[in-house]
Amino acid sequence: THVDSVEHLKGPRTAEAYAAIKVADEQVRQVWQEVKRDYPEGATLLVVSDHGFTPVERLILPNVPLRDAGLLKVIDGKPAGGTVRIVAEGGAALVYVLDKTGRDAAIRRVGRMLGELEGVAKVIGPGELHEHGIAEPSEDPHAPDIVLFAREGYSFDETATGSASSVPRRDLRGTHGHDEALPCMSATFIASGRGIKPGVRLGEIRNTDVAPTVAKLLGLTLNGAEGKILSSALAD
């Protein structure tokens, strides 16, 4: 979206970010006005987001120490082989250990090494991934072996050149993907219209609660949903 792009390029809580939010707010107003005109008694509006944002001051380059340890092959400055691969996702990095020999020991070694890098806040290893909504490798062949979370102000990058494992930011000024427990990663949920009780403050909810609540408003049952219906927000 426009807001997401601006906050990546200019950073959250900047003049440019607030201007983009104002534009989005006006677009929501226009849509809501048209919907209420067409369905005066049957319209419900939900405004949701999937993540928060944090400013970026520095980048973490885990491929540099992996290269220096002989765990990553680099050709022309780009990862091209080796026993460990990194997928950078903003405030998180997915670590895949490809070495099938002594795999458990290799995962522990890589986790310890990367956990010591500047800017790394947390290392999530086997047996802990479910706590963050991620499948274990034994359940999903695409699941990572380790997940790294960055501290606020840091973002992961897949650069494999140079000697430093942490460098000043480049064009990126804002990102997301950090530990979901950080307040800056909280998302938005606003509901209004048919079936919604006015003036209710829900406090913190989970993203997985949104779908069961929408199903309830539509008179449907969402079997197997992990979230719960936000009953306190619904009109009797």
# chains A, B, ... in the order shown; residues from 1 in each chain; ligands from 1
call {"tool": "residues_around", "arguments": {"residues": "Gly174 (chain A)", "least_positions_apart": "2", "cutoff": "7 Å", "atoms": "only C-alpha atoms", "output": "number ranges by chain"}}
result
A: 7-12, 53-56, 172
call {"tool": "select_by_dssp", "arguments": {"residues": "region 7-217 of chain A", "states": "helix (DSSP H, G or I)", "output": "JSON, numbers by chain"}}
result
{"A": [7, 8, 9, 10, 15, 16, 17, 18, 19, 20, 21, 22, 23, 24, 25, 26, 27, 28, 29, 30, 31, 32, 33, 34, 35, 36, 37, 38, 63, 64, 65, 66, 67, 68, 103, 104, 105, 106, 107, 108, 109, 110, 111, 112, 113, 114, 115, 129, 130, 131, 132, 183, 184, 185, 207, 208, 209, 210, 211, 212, 213, 214, 215, 216, 217]}
call {"tool": "residues_around", "arguments": {"residues": "Pro183 (chain A)", "least_positions_apart": "3", "cutoff": "9 Å", "atoms": "only C-alpha atoms", "output": "PDB file with N, CA and C atoms, in the first residue's frame"}}
result
ATOM      1  N   GLY A  52       2.976  -3.403  12.563  1.00  0.00           N
ATOM      2  CA  GLY A  52       3.366  -2.039  12.863  1.00  0.00           C
ATOM      3  C   GLY A  52       4.608  -1.652  12.066  1.00  0.00           C
ATOM      4  N   GLU A 180       6.885 -10.067  17.368  1.00  0.00           N
ATOM      5  CA  GLU A 180       5.514  -9.539  17.446  1.00  0.00           C
ATOM      6  C   GLU A 180       5.157  -9.008  18.827  1.00  0.00           C
ATOM      7  N   SER A 186       2.598  -3.606  16.909  1.00  0.00           N
ATOM      8  CA  SER A 186       1.145  -3.753  17.035  1.00  0.00           C
ATOM      9  C   SER A 186       0.435  -3.219  15.804  1.00  0.00           C
TER      10      SER A 186
END
call {"tool": "residues_around", "arguments": {"residues": "region 192-198 of chain A", "least_positions_apart": "2", "cutoff": "9 Å", "atoms": "only C-alpha atoms", "output": "list in words"}}
result
Lys36, Glu41, Gly42, Ala43, Thr44, Leu45, Leu46, Val47, Ile190, Val200, Leu217, Ser232, Ala233, Leu234, Ala235 and Asp236 of chain A
call {"tool": "atom_distance", "arguments": {"atom1": "CA of Asp157 (chain A)", "atom2": "CA of Leu61 (chain A)"}}
result
5.3 Å
call {"tool": "closest_residue", "arguments": {"among": "A:Pro144, A:Leu71, A:Asn63, A:Met113", "to": "Pro126 (chain A)", "atoms": "only C-alpha atoms"}}
result
A:Pro144
call {"tool": "atom_distance", "arguments": {"atom1": "CA of Val87 (chain A)", "atom2": "CA of Glu158 (chain A)"}}
result
7.1 Å
call {"tool": "atom_distance", "arguments": {"atom1": "CA of Arg206 (chain A)", "atom2": "CA of Thr188 (chain A)"}}
result
10.3 Å
call {"tool": "select_by_dssp", "arguments": {"residues": "region 118-184 of chain A", "states": "strand (DSSP E)", "output": "MDAnalysis selection string"}}
result
chainID A and resid 120:124 146:150 153:156 166:168 174:175
call {"tool": "residues_around", "arguments": {"residues": "Asn207 (chain A)", "least_positions_apart": "6", "cutoff": "9 Å", "atoms": "only C-alpha atoms", "output": "list in words"}}
result
Val48, Ser49, Asp50, Ala187, Phe189 and Gly227 of chain A
call {"tool": "write_last_selection", "arguments": {"atoms": "C-alpha atoms", "output": "PDB file, in the first residue's frame"}}
result
ATOM      1  CA  VAL A  48      -7.272  -3.553   9.920  1.00  0.00           C
ATOM      2  CA  SER A  49      -3.539  -3.810   9.386  1.00  0.00           C
ATOM      3  CA  ASP A  50      -1.143  -6.723   9.599  1.00  0.00           C
ATOM      4  CA  ALA A 187      -1.403  -3.500  14.238  1.00  0.00           C
ATOM      5  CA  PHE A 189      -8.299  -2.818  14.362  1.00  0.00           C
ATOM      6  CA  GLY A 227      -8.769 -16.993  17.001  1.00  0.00           C
TER       7      GLY A 227
END
